[in-house]
$ cat final_36.csv   # CSV, C-alpha atoms
chain,number,residue,atom,x,y,z
A,1,MET,CA,4.3,-33.9,-16.9
A,2,ASN,CA,4.0,-36.8,-14.5
A,3,GLU,CA,2.1,-39.6,-16.2
A,4,ILE,CA,1.3,-41.6,-13.1
A,5,ASN,CA,-0.2,-38.6,-11.1
A,6,PRO,CA,-1.8,-36.3,-13.6
A,7,GLY,CA,-2.4,-33.4,-11.2
A,8,VAL,CA,-4.3,-30.2,-11.6
A,9,GLU,CA,-3.4,-27.4,-14.0
A,10,PRO,CA,-2.6,-24.1,-12.3
A,11,TRP,CA,-4.9,-22.1,-14.5
A,12,LEU,CA,-7.8,-24.4,-13.4
A,13,VAL,CA,-7.1,-23.6,-9.8
A,14,GLN,CA,-6.9,-19.8,-10.5
A,15,SER,CA,-10.1,-20.0,-12.6
A,16,PHE,CA,-11.9,-21.7,-9.7
A,17,CYS,CA,-10.7,-18.8,-7.4
A,18,ALA,CA,-12.0,-16.3,-10.0
A,19,ILE,CA,-15.4,-18.1,-10.1
A,20,ILE,CA,-15.8,-17.9,-6.3
A,21,PHE,CA,-14.6,-14.3,-6.3
A,22,PHE,CA,-17.2,-13.2,-8.8
A,23,ILE,CA,-20.0,-15.1,-7.1
A,24,GLY,CA,-19.0,-13.0,-4.0
A,25,LEU,CA,-18.9,-9.8,-6.0
A,26,ALA,CA,-22.3,-10.5,-7.5
A,27,GLY,CA,-23.6,-11.1,-3.9
A,28,VAL,CA,-22.2,-7.7,-2.8
A,29,MET,CA,-23.9,-5.9,-5.7
A,30,MET,CA,-27.2,-7.8,-5.9
A,31,ARG,CA,-28.3,-8.4,-2.3
A,32,ARG,CA,-29.9,-5.8,-0.1
A,33,ASN,CA,-29.6,-7.6,3.3
A,34,ILE,CA,-26.4,-6.2,4.9
A,35,LEU,CA,-25.7,-9.5,6.6
A,36,VAL,CA,-25.5,-11.4,3.3
A,37,ILE,CA,-23.3,-8.5,1.9
A,38,LEU,CA,-20.8,-9.1,4.7
A,39,MET,CA,-20.8,-12.8,4.1
A,40,SER,CA,-20.2,-12.2,0.4
A,41,VAL,CA,-17.2,-10.0,1.3
A,42,GLU,CA,-15.9,-13.0,3.3
A,43,ILE,CA,-16.3,-15.2,0.3
A,44,MET,CA,-14.3,-12.8,-1.8
A,45,LEU,CA,-11.5,-12.7,0.8
A,46,ASN,CA,-11.4,-16.5,0.8
A,47,ALA,CA,-11.1,-16.7,-3.0
A,48,VAL,CA,-8.1,-14.4,-2.9
A,49,ASN,CA,-6.6,-16.4,-0.1
A,50,LEU,CA,-6.9,-19.6,-2.2
A,51,SER,CA,-5.3,-17.8,-5.1
A,52,PHE,CA,-2.3,-16.9,-2.9
A,53,VAL,CA,-2.0,-20.5,-1.6
A,54,ALA,CA,-2.1,-21.9,-5.2
A,55,PHE,CA,0.6,-19.5,-6.4
A,56,SER,CA,2.7,-20.2,-3.3
A,57,ARG,CA,2.6,-23.9,-4.2
A,58,GLN,CA,3.2,-23.3,-7.8
A,59,HIS,CA,6.2,-21.1,-7.3
A,60,ALA,CA,7.6,-22.9,-4.2
A,61,ASP,CA,7.6,-19.7,-2.2
A,62,MET,CA,6.2,-19.2,1.4
A,63,GLY,CA,5.4,-15.5,0.9
A,64,GLY,CA,2.0,-16.3,-0.4
A,65,GLN,CA,1.1,-18.4,2.7
A,66,MET,CA,2.4,-15.6,5.0
A,67,ALA,CA,0.2,-13.1,3.1
A,68,VAL,CA,-2.8,-15.4,3.6
A,69,PHE,CA,-2.0,-15.5,7.4
A,70,PHE,CA,-2.1,-11.7,7.5
A,71,ILE,CA,-5.3,-11.6,5.4
A,72,ILE,CA,-7.0,-13.9,7.9
A,73,VAL,CA,-6.1,-11.6,10.8
A,74,VAL,CA,-7.4,-8.5,8.9
A,75,ALA,CA,-10.6,-10.4,7.9
A,76,ALA,CA,-11.2,-11.3,11.6
A,77,ALA,CA,-10.8,-7.6,12.6
A,78,GLU,CA,-12.9,-6.5,9.6
A,79,SER,CA,-15.8,-8.8,10.4
A,80,ALA,CA,-15.8,-7.7,14.1
A,81,VAL,CA,-16.0,-4.0,13.2
A,82,GLY,CA,-18.4,-4.7,10.3
A,83,LEU,CA,-20.9,-6.5,12.6
A,84,GLY,CA,-20.5,-3.8,15.2
A,85,LEU,CA,-21.5,-1.3,12.5
A,86,LEU,CA,-24.4,-3.6,11.6
A,87,ILE,CA,-25.7,-3.6,15.1
A,88,ALA,CA,-25.4,0.2,15.3
A,89,MET,CA,-27.3,0.5,12.0
A,90,PHE,CA,-30.0,-1.9,13.2
A,91,ARG,CA,-30.4,0.2,16.4
A,92,THR,CA,-30.8,3.4,14.5
A,93,LEU,CA,-32.9,2.3,11.5
A,94,LYS,CA,-34.5,-0.9,12.9
A,95,THR,CA,-33.8,-2.7,9.6
A,96,VAL,CA,-31.0,-4.5,7.8
A,97,ASP,CA,-32.0,-3.3,4.4
A,98,THR,CA,-29.3,-1.3,2.7
A,99,ASP,CA,-31.8,0.7,0.7
A,100,GLU,CA,-33.0,2.2,4.0
A,101,ILE,CA,-29.6,3.9,4.5
A,102,ARG,CA,-30.5,7.4,3.3
A,103,LEU,CA,-30.0,9.7,6.2
A,104,LEU,CA,-27.8,12.0,4.2
A,105,LYS,CA,-30.5,12.5,1.6
A,106,GLU,CA,-33.2,13.6,4.1
B,1,MET,CA,1.2,-28.7,-13.1
B,2,ILE,CA,0.4,-28.9,-9.4
B,3,ASP,CA,0.6,-32.6,-8.4
B,4,VAL,CA,-2.5,-32.9,-6.3
B,5,SER,CA,-5.3,-35.4,-6.7
B,6,PRO,CA,-7.7,-34.0,-9.4
B,7,VAL,CA,-10.7,-36.0,-8.1
B,8,THR,CA,-10.4,-34.6,-4.6
B,9,PHE,CA,-9.8,-31.1,-5.9
B,10,THR,CA,-12.8,-31.2,-8.2
B,11,LEU,CA,-15.0,-32.6,-5.5
B,12,LEU,CA,-14.0,-29.8,-3.0
B,13,ALA,CA,-14.3,-27.2,-5.7
B,14,GLY,CA,-17.8,-28.3,-6.6
B,15,ILE,CA,-18.9,-28.2,-3.0
B,16,ALA,CA,-17.4,-24.7,-2.7
B,17,ILE,CA,-19.0,-23.3,-5.8
B,18,GLY,CA,-22.4,-24.8,-4.8
B,19,CYS,CA,-22.1,-23.3,-1.3
B,20,ALA,CA,-21.1,-19.9,-2.6
B,21,LEU,CA,-24.1,-19.8,-4.9
B,22,MET,CA,-26.3,-20.8,-2.0
B,23,VAL,CA,-24.9,-18.1,0.3
B,24,VAL,CA,-25.7,-15.5,-2.4
B,25,PHE,CA,-29.1,-16.7,-3.6
B,26,LYS,CA,-30.8,-18.1,-0.5
B,27,LYS,CA,-33.3,-15.7,0.9
B,28,ASN,CA,-32.9,-16.6,4.6
B,29,PRO,CA,-29.7,-15.3,6.1
B,30,VAL,CA,-29.5,-18.3,8.5
B,31,SER,CA,-29.3,-20.8,5.6
B,32,SER,CA,-26.7,-18.4,4.0
B,33,ALA,CA,-24.7,-18.6,7.2
B,34,PHE,CA,-24.7,-22.4,7.3
B,35,SER,CA,-23.8,-22.7,3.6
B,36,LEU,CA,-20.9,-20.3,4.4
B,37,VAL,CA,-19.7,-22.8,7.1
B,38,LEU,CA,-19.6,-25.6,4.6
B,39,LEU,CA,-17.8,-23.3,2.1
B,40,PHE,CA,-15.1,-22.5,4.7
B,41,ALA,CA,-14.7,-26.2,5.4
B,42,ALA,CA,-14.3,-27.0,1.7
B,43,PHE,CA,-11.6,-24.2,1.4
B,44,ALA,CA,-9.8,-25.7,4.4
B,45,GLY,CA,-9.7,-29.0,2.6
B,46,ILE,CA,-8.3,-27.4,-0.6
B,47,TYR,CA,-5.6,-25.6,1.6
B,48,ALA,CA,-4.6,-29.0,3.1
B,49,LEU,CA,-4.6,-30.5,-0.4
B,50,LEU,CA,-2.2,-27.8,-1.6
B,51,GLY,CA,0.1,-28.4,1.4
B,52,ALA,CA,-0.8,-25.4,3.5
B,53,HIS,CA,-1.6,-27.4,6.6
B,54,LEU,CA,-1.2,-24.5,9.1
B,55,LEU,CA,-3.6,-22.3,7.0
B,56,ALA,CA,-6.1,-25.2,6.8
B,57,ALA,CA,-6.2,-25.4,10.6
B,58,LEU,CA,-6.4,-21.6,10.9
B,59,GLN,CA,-9.2,-21.5,8.4
B,60,ILE,CA,-11.3,-23.9,10.5
B,61,LEU,CA,-10.4,-22.1,13.8
B,62,VAL,CA,-10.7,-18.5,12.7
B,63,TYR,CA,-13.3,-18.6,9.9
B,64,ALA,CA,-15.5,-21.5,10.7
B,65,GLY,CA,-15.0,-21.0,14.4
B,66,ALA,CA,-14.8,-17.3,15.4
B,67,ILE,CA,-16.2,-15.4,12.5
B,68,MET,CA,-19.2,-17.7,11.9
B,69,VAL,CA,-20.0,-17.7,15.6
B,70,LEU,CA,-20.0,-13.9,15.4
B,71,PHE,CA,-22.3,-14.0,12.3
B,72,ILE,CA,-24.8,-16.5,13.9
B,73,PHE,CA,-24.7,-14.5,17.1
B,74,VAL,CA,-25.6,-11.3,15.3
B,75,ILE,CA,-28.4,-13.0,13.3
B,76,MET,CA,-29.9,-14.3,16.6
B,77,LEU,CA,-29.4,-10.9,18.3
B,78,LEU,CA,-31.3,-9.1,15.5
B,79,ASN,CA,-34.2,-11.5,15.9
B,80,ALA,CA,-34.3,-13.3,12.5
B,81,ASP,CA,-38.1,-13.9,12.6
B,82,GLU,CA,-38.8,-10.2,12.0
B,83,PRO,CA,-40.5,-9.4,8.7
B,84,SER,CA,-37.6,-6.9,8.0
B,85,PHE,CA,-35.4,-9.9,7.1
B,86,ASP,CA,-37.7,-10.9,4.2
B,87,MET,CA,-36.9,-8.1,1.9
B,88,GLY,CA,-37.1,-8.6,-1.8
B,89,ARG,CA,-34.1,-8.7,-4.2
B,90,SER,CA,-32.9,-5.6,-6.0
B,91,HIS,CA,-34.4,-4.5,-9.3
B,92,PRO,CA,-34.4,-7.2,-12.1
B,93,VAL,CA,-32.7,-5.0,-14.6
B,94,LEU,CA,-29.9,-4.1,-12.1
B,95,ARG,CA,-29.5,-7.8,-11.3
B,96,ALA,CA,-29.2,-8.7,-15.0
B,97,ILE,CA,-26.6,-5.9,-15.5
B,98,VAL,CA,-24.6,-7.1,-12.5
B,99,GLY,CA,-24.8,-10.8,-13.6
B,100,LEU,CA,-23.6,-9.9,-17.1
B,101,PHE,CA,-20.8,-7.7,-15.8
B,102,CYS,CA,-19.5,-10.5,-13.5
B,103,LEU,CA,-19.7,-13.1,-16.2
B,104,THR,CA,-17.8,-10.9,-18.6
B,105,LEU,CA,-15.1,-10.2,-16.1
B,106,LEU,CA,-14.9,-13.9,-15.2
B,107,GLY,CA,-14.6,-14.9,-18.8
B,108,PHE,CA,-11.8,-12.4,-19.2
B,109,PHE,CA,-10.0,-13.7,-16.1
B,110,VAL,CA,-10.3,-17.4,-17.2
B,111,TRP,CA,-9.0,-16.5,-20.7
B,112,ALA,CA,-6.1,-14.7,-19.2
B,113,PHE,CA,-5.2,-17.6,-16.8
B,114,LYS,CA,-5.5,-20.1,-19.7
B,115,LYS,CA,-3.2,-18.0,-21.9
B,116,SER,CA,-0.5,-17.3,-19.3
B,117,GLU,CA,0.4,-21.0,-18.7
B,118,VAL,CA,4.1,-20.6,-18.8
B,119,SER,CA,5.5,-19.2,-15.6
B,120,LEU,CA,8.3,-16.7,-15.8
B,121,VAL,CA,8.9,-16.6,-12.1
B,122,MET,CA,11.9,-18.5,-10.8
B,123,PRO,CA,10.9,-21.3,-8.4
B,124,GLY,CA,11.6,-20.4,-4.8
B,125,LEU,CA,13.4,-22.3,-2.1
B,126,PHE,CA,10.3,-23.9,-0.5
B,127,SER,CA,9.5,-26.8,-2.8
B,128,THR,CA,7.3,-29.5,-1.3
B,129,THR,CA,10.3,-31.8,-0.6
B,130,ALA,CA,12.4,-28.9,0.9
B,131,VAL,CA,9.5,-28.0,3.3
B,132,ASP,CA,9.1,-31.6,4.3
B,133,ALA,CA,12.8,-31.9,5.0
B,134,ALA,CA,12.8,-28.7,7.1
B,135,GLY,CA,10.2,-30.2,9.5
B,136,GLY,CA,6.8,-29.5,7.8
B,137,ASN,CA,4.7,-26.6,6.7
B,138,SER,CA,3.8,-25.3,10.2
B,139,LYS,CA,7.5,-25.2,11.4
B,140,VAL,CA,8.7,-23.4,8.2
B,141,ILE,CA,5.9,-20.8,8.5
B,142,SER,CA,6.5,-20.2,12.2
B,143,GLN,CA,10.2,-19.7,11.6
B,144,LEU,CA,9.5,-17.2,8.8
B,145,MET,CA,6.9,-15.5,11.0
B,146,PHE,CA,9.4,-14.7,13.7
B,147,SER,CA,12.3,-13.8,11.4
B,148,LYS,CA,11.5,-12.3,8.0
B,149,TYR,CA,8.0,-11.2,8.8
B,150,GLU,CA,8.4,-10.2,12.4
B,151,LEU,CA,7.4,-6.5,12.0
B,152,PRO,CA,4.1,-7.2,10.2
B,153,PHE,CA,3.4,-10.0,12.8
B,154,GLU,CA,3.8,-7.5,15.6
B,155,LEU,CA,1.7,-4.9,13.8
B,156,THR,CA,-1.2,-7.4,13.6
B,157,SER,CA,-1.4,-7.3,17.4
B,158,ILE,CA,-2.0,-3.5,17.2
B,159,LEU,CA,-4.6,-4.0,14.4
B,160,LEU,CA,-6.5,-6.6,16.5
B,161,LEU,CA,-6.4,-4.3,19.5
B,162,ALA,CA,-7.8,-1.4,17.4
B,163,GLY,CA,-10.4,-3.8,16.0
B,164,ILE,CA,-11.6,-4.9,19.5
B,165,VAL,CA,-11.8,-1.3,20.8
B,166,GLY,CA,-13.4,0.0,17.6
B,167,ALA,CA,-16.1,-2.8,17.5
B,168,VAL,CA,-17.0,-2.3,21.2
B,169,ALA,CA,-17.1,1.5,20.8
B,170,ILE,CA,-19.3,1.4,17.7
B,171,ALA,CA,-21.7,-1.3,18.9
B,172,LYS,CA,-22.1,0.2,22.4
B,173,ARG,CA,-22.7,3.8,21.5
B,174,ASN,CA,-26.3,4.7,21.1
B,175,LEU,CA,-26.5,6.4,17.8
B,176,THR,CA,-29.6,8.6,17.5
B,177,SER,CA,-31.0,9.4,14.2
B,178,PRO,CA,-31.1,13.1,13.3
B,179,LYS,CA,-34.9,12.9,12.6
B,180,GLU,CA,-37.2,11.0,14.9
B,181,GLY,CA,-39.4,10.0,12.0
B,182,VAL,CA,-36.8,8.0,10.2
B,183,LYS,CA,-38.3,4.6,11.1
$ encode --input "final_36.csv" --output "structure tokens"
Amino acid sequence: MNEINPGVEPWLVQSFCAIIFFIGLAGVMMRRNILVILMSVEIMLNAVNLSFVAFSRQHADMGGQMAVFFIIVVAAAESAVGLGLLIAMFRTLKTVDTDEIRLLKE
Amino acid sequence: MIDVSPVTFTLLAGIAIGCALMVVFKKNPVSSAFSLVLLFAAFAGIYALLGAHLLAALQILVYAGAIMVLFIFVIMLLNADEPSFDMGRSHPVLRAIVGLFCLTLLGFFVWAFKKSEVSLVMPGLFSTTAVDAAGGNSKVISQLMFSKYELPFELTSILLLAGIVGAVAIAKRNLTSPKEGVK
């Protein structure tokens, strides 16, 4: 639209968010180290946050940025509880390999 | 069309994609963690580029500050030199299936985003000029937080309290395995 400042197409920003999200999803499904799985979950949350911010800018609405604020709060609580679970798992099984979680099977 | 600098956006997006790939594919969790710090910094830059200044600051403070310190702390606590950290990847066939699945879904998403270029949503009240006139991004968000979104904002305090108590309770309790021979 504006010839002087070309800008970025909205679909490019959303596609970038999708790329980051699916890299995170691949990490959750591929890796066996539970620390890296938790990090991949954080990557996915960040991708969704960026999608919200881009839509907020595109539609001139602050609701998206408020949603991101609440997602950041939930992500902080989630990582604290997740790392607590990780420490409990390491104490019980002495490993961070998710393939070793098979107490229900034995 | 979002009127931000395409060069800056492409640069930050490239850094973010490279760091995300490094987080997923590096074998050592410590290098994964440091790539994640760089990823969070790149995301903060993109937020600032899109005009979300308060969220850019929060991204650095909460993600690159608090959450990453927690991750590094846990890695050090679990003694990263142990051989248990050097586990192999999952099965090659499973990895191929996962990669194909993710790429297919990604292609579908990109196609859908490309196709739905015309926005049907009415533009809201908070255009860039309106936000600047009202005193900047942080002021507008703070006013919304204590008016329209007051109940969710108060509920987050309960959530954080529950998170603190839950994390301490889970990490402190000595869980014993049902069988002693379980490793």
$ residues_around --input "final_36.csv" --residues "segment 41-49 of chain B" --least-positions-apart "3" --cutoff "9 Å" --atoms "all atoms listed in the file" --output "list in words"
Asn46, Ala47, Leu50, Val53 and Ala54 of chain A; Val4, Ser5, Thr8, Phe9, Leu12, Ala13, Ile15, Ala16, Leu36, Val37, Leu38, Ala52, His53, Leu54, Leu55, Ala56, Ala57, Leu58, Gln59, Ile60, Tyr63 and Ala64 of chain B
$ atom_distance --input "final_36.csv" --atom1 "atom CA of Ala112 of chain B" --atom2 "atom CA of Arg57 of chain A"
19.6 Å
$ closest_atom_pairs --input "final_36.csv" --of "segment 34-127 of chain B" --to "segment 7-15 of chain A" --cutoff "10 Å" --atoms "all atoms listed in the file" --output "tab-separated table"
residue	atom	partner	partner_atom	distance
B:Leu106	CA	A:Ser15	CA	8.2
B:Gly107	CA	A:Ser15	CA	9.2
B:Phe109	CA	A:Ser15	CA	7.2
B:Val110	CA	A:Ser15	CA	5.3
B:Trp111	CA	A:Ser15	CA	8.9
B:Ala112	CA	A:Trp11	CA	8.8
B:Phe113	CA	A:Trp11	CA	5.1
B:Lys114	CA	A:Trp11	CA	5.6
B:Lys115	CA	A:Trp11	CA	8.6
B:Ser116	CA	A:Trp11	CA	8.1
B:Glu117	CA	A:Trp11	CA	6.9
B:Val118	CA	A:Pro10	CA	10.0
$ closest_residue --input "final_36.csv" --among "A:Arg102, A:Phe52, A:Ile34, A:Thr92" --to "chain B" --atoms "all atoms listed in the file"
A:Thr92
$ closest_residue --input "final_36.csv" --among "A:Ala26, A:Met66, A:Leu104, A:Ala80" --to "Phe71 of chain B" --atoms "all atoms listed in the file"
A:Ala80
$ closest_residue --input "final_36.csv" --among "A:Phe55, A:Leu25, A:Phe69, A:Asn49" --to "Leu144 of chain B" --atoms "only C-alpha atoms"
A:Phe69
$ residues_around --input "final_36.csv" --residues "Ala76 of chain A" --least-positions-apart "5" --cutoff "8 Å" --atoms "all atoms listed in the file" --output "list of chain:residue names"
B:Val62, B:Tyr63, B:Ala66, B:Ile67
$ atom_distance --input "final_36.csv" --atom1 "atom CA of His59 of chain A" --atom2 "atom CA of Leu125 of chain B"
9.0 Å
$ residues_around --input "final_36.csv" --residues "Met39 of chain A" --least-positions-apart "5" --cutoff "12 Å" --atoms "all atoms listed in the file" --output "ChimeraX atom specification"
/A:23-28,31,33-34,44-46,75,78-79,82-83 /B:19-25,29-37,39-40,63,67-68,70-72,75
$ residues_around --input "final_36.csv" --residues "Thr129 of chain B" --least-positions-apart "4" --cutoff "12 Å" --atoms "all atoms listed in the file" --output "ChimeraX atom specification"
/A:57,60 /B:51,125,133-137
$ atom_distance --input "final_36.csv" --atom1 "atom CA of Leu159 of chain B" --atom2 "atom CA of Asp97 of chain A"
29.2 Å
$ axis_aligned_box --input "final_36.csv" --around "segment 59-70 of chain A" --padding-each-side "3 Å" --output "AutoDock Vina command-line options"
--center_x 2.4 --center_y -17.3 --center_z 0.1 --size_x 16.4 --size_y 17.2 --size_z 20.8
$ residues_around --input "final_36.csv" --residues "Leu85 of chain A" --least-positions-apart "3" --cutoff "9 Å" --atoms "all atoms listed in the file" --output "PDB file with C-alpha atoms, in the coordinates of the input"
ATOM      1  CA  ALA A  80     -15.800  -7.700  14.100  1.00  0.00           C
ATOM      2  CA  VAL A  81     -16.000  -4.000  13.200  1.00  0.00           C
ATOM      3  CA  GLY A  82     -18.400  -4.700  10.300  1.00  0.00           C
ATOM      4  CA  ALA A  88     -25.400   0.200  15.300  1.00  0.00           C
ATOM      5  CA  MET A  89     -27.300   0.500  12.000  1.00  0.00           C
ATOM      6  CA  PHE A  90     -30.000  -1.900  13.200  1.00  0.00           C
TER       7      PHE A  90
ATOM      8  CA  ALA B 167     -16.100  -2.800  17.500  1.00  0.00           C
ATOM      9  CA  ILE B 170     -19.300   1.400  17.700  1.00  0.00           C
ATOM     10  CA  ALA B 171     -21.700  -1.300  18.900  1.00  0.00           C
TER      11      ALA B 171
END
$ closest_residue --input "final_36.csv" --among "B:Ile158, B:Cys102, B:Val131, B:Met76" --to "chain A" --atoms "only C-alpha atoms"
B:Cys102
$ closest_residue --input "final_36.csv" --among "A:Leu35, A:Pro6, A:Glu100, A:Val74" --to "Ile87 of chain A" --atoms "only C-alpha atoms"
A:Leu35
$ decode --input "final_36.csv" --residues "segment 20-67 of chain A" --atoms "C-alpha atoms" --output "CSV table (one decimal), in the first residue's frame"
chain,number,residue,atom,x,y,z
A,20,ILE,CA,8.6,-21.7,15.0
A,21,PHE,CA,5.6,-23.5,16.5
A,22,PHE,CA,6.2,-26.6,14.4
A,23,ILE,CA,9.9,-26.6,15.2
A,24,GLY,CA,8.8,-26.7,18.9
A,25,LEU,CA,6.3,-29.4,18.2
A,26,ALA,CA,8.9,-31.5,16.4
A,27,GLY,CA,11.2,-31.1,19.4
A,28,VAL,CA,8.4,-32.3,21.8
A,29,MET,CA,7.8,-35.4,19.7
A,30,MET,CA,11.4,-36.2,18.7
A,31,ARG,CA,13.6,-35.6,21.8
A,32,ARG,CA,13.9,-37.9,24.8
A,33,ASN,CA,15.5,-35.5,27.2
A,34,ILE,CA,12.7,-34.0,29.3
A,35,LEU,CA,14.6,-30.7,29.8
A,36,VAL,CA,14.7,-30.2,26.0
A,37,ILE,CA,11.0,-31.2,25.8
A,38,LEU,CA,10.1,-28.4,28.3
A,39,MET,CA,12.2,-25.9,26.3
A,40,SER,CA,10.4,-26.9,23.2
A,41,VAL,CA,7.1,-26.3,25.0
A,42,GLU,CA,8.3,-22.8,25.8
A,43,ILE,CA,9.2,-22.3,22.1
A,44,MET,CA,5.6,-23.2,21.1
A,45,LEU,CA,4.2,-20.8,23.7
A,46,ASN,CA,6.4,-18.0,22.3
A,47,ALA,CA,5.3,-18.7,18.7
A,48,VAL,CA,1.6,-18.4,19.8
A,49,ASN,CA,2.4,-15.2,21.7
A,50,LEU,CA,4.0,-13.6,18.6
A,51,SER,CA,0.9,-14.6,16.5
A,52,PHE,CA,-1.3,-12.8,19.0
A,53,VAL,CA,0.9,-9.7,18.9
A,54,ALA,CA,0.9,-9.7,15.1
A,55,PHE,CA,-2.9,-10.0,15.0
A,56,SER,CA,-3.2,-7.3,17.6
A,57,ARG,CA,-1.1,-4.9,15.5
A,58,GLN,CA,-3.0,-5.9,12.3
A,59,HIS,CA,-6.5,-5.4,13.8
A,60,ALA,CA,-5.6,-2.4,16.0
A,61,ASP,CA,-6.9,-4.2,19.0
A,62,MET,CA,-5.2,-4.5,22.4
A,63,GLY,CA,-7.0,-7.8,23.3
A,64,GLY,CA,-4.2,-9.8,21.8
A,65,GLN,CA,-1.5,-8.1,23.8
A,66,MET,CA,-3.5,-8.7,27.0
A,67,ALA,CA,-3.8,-12.3,26.1
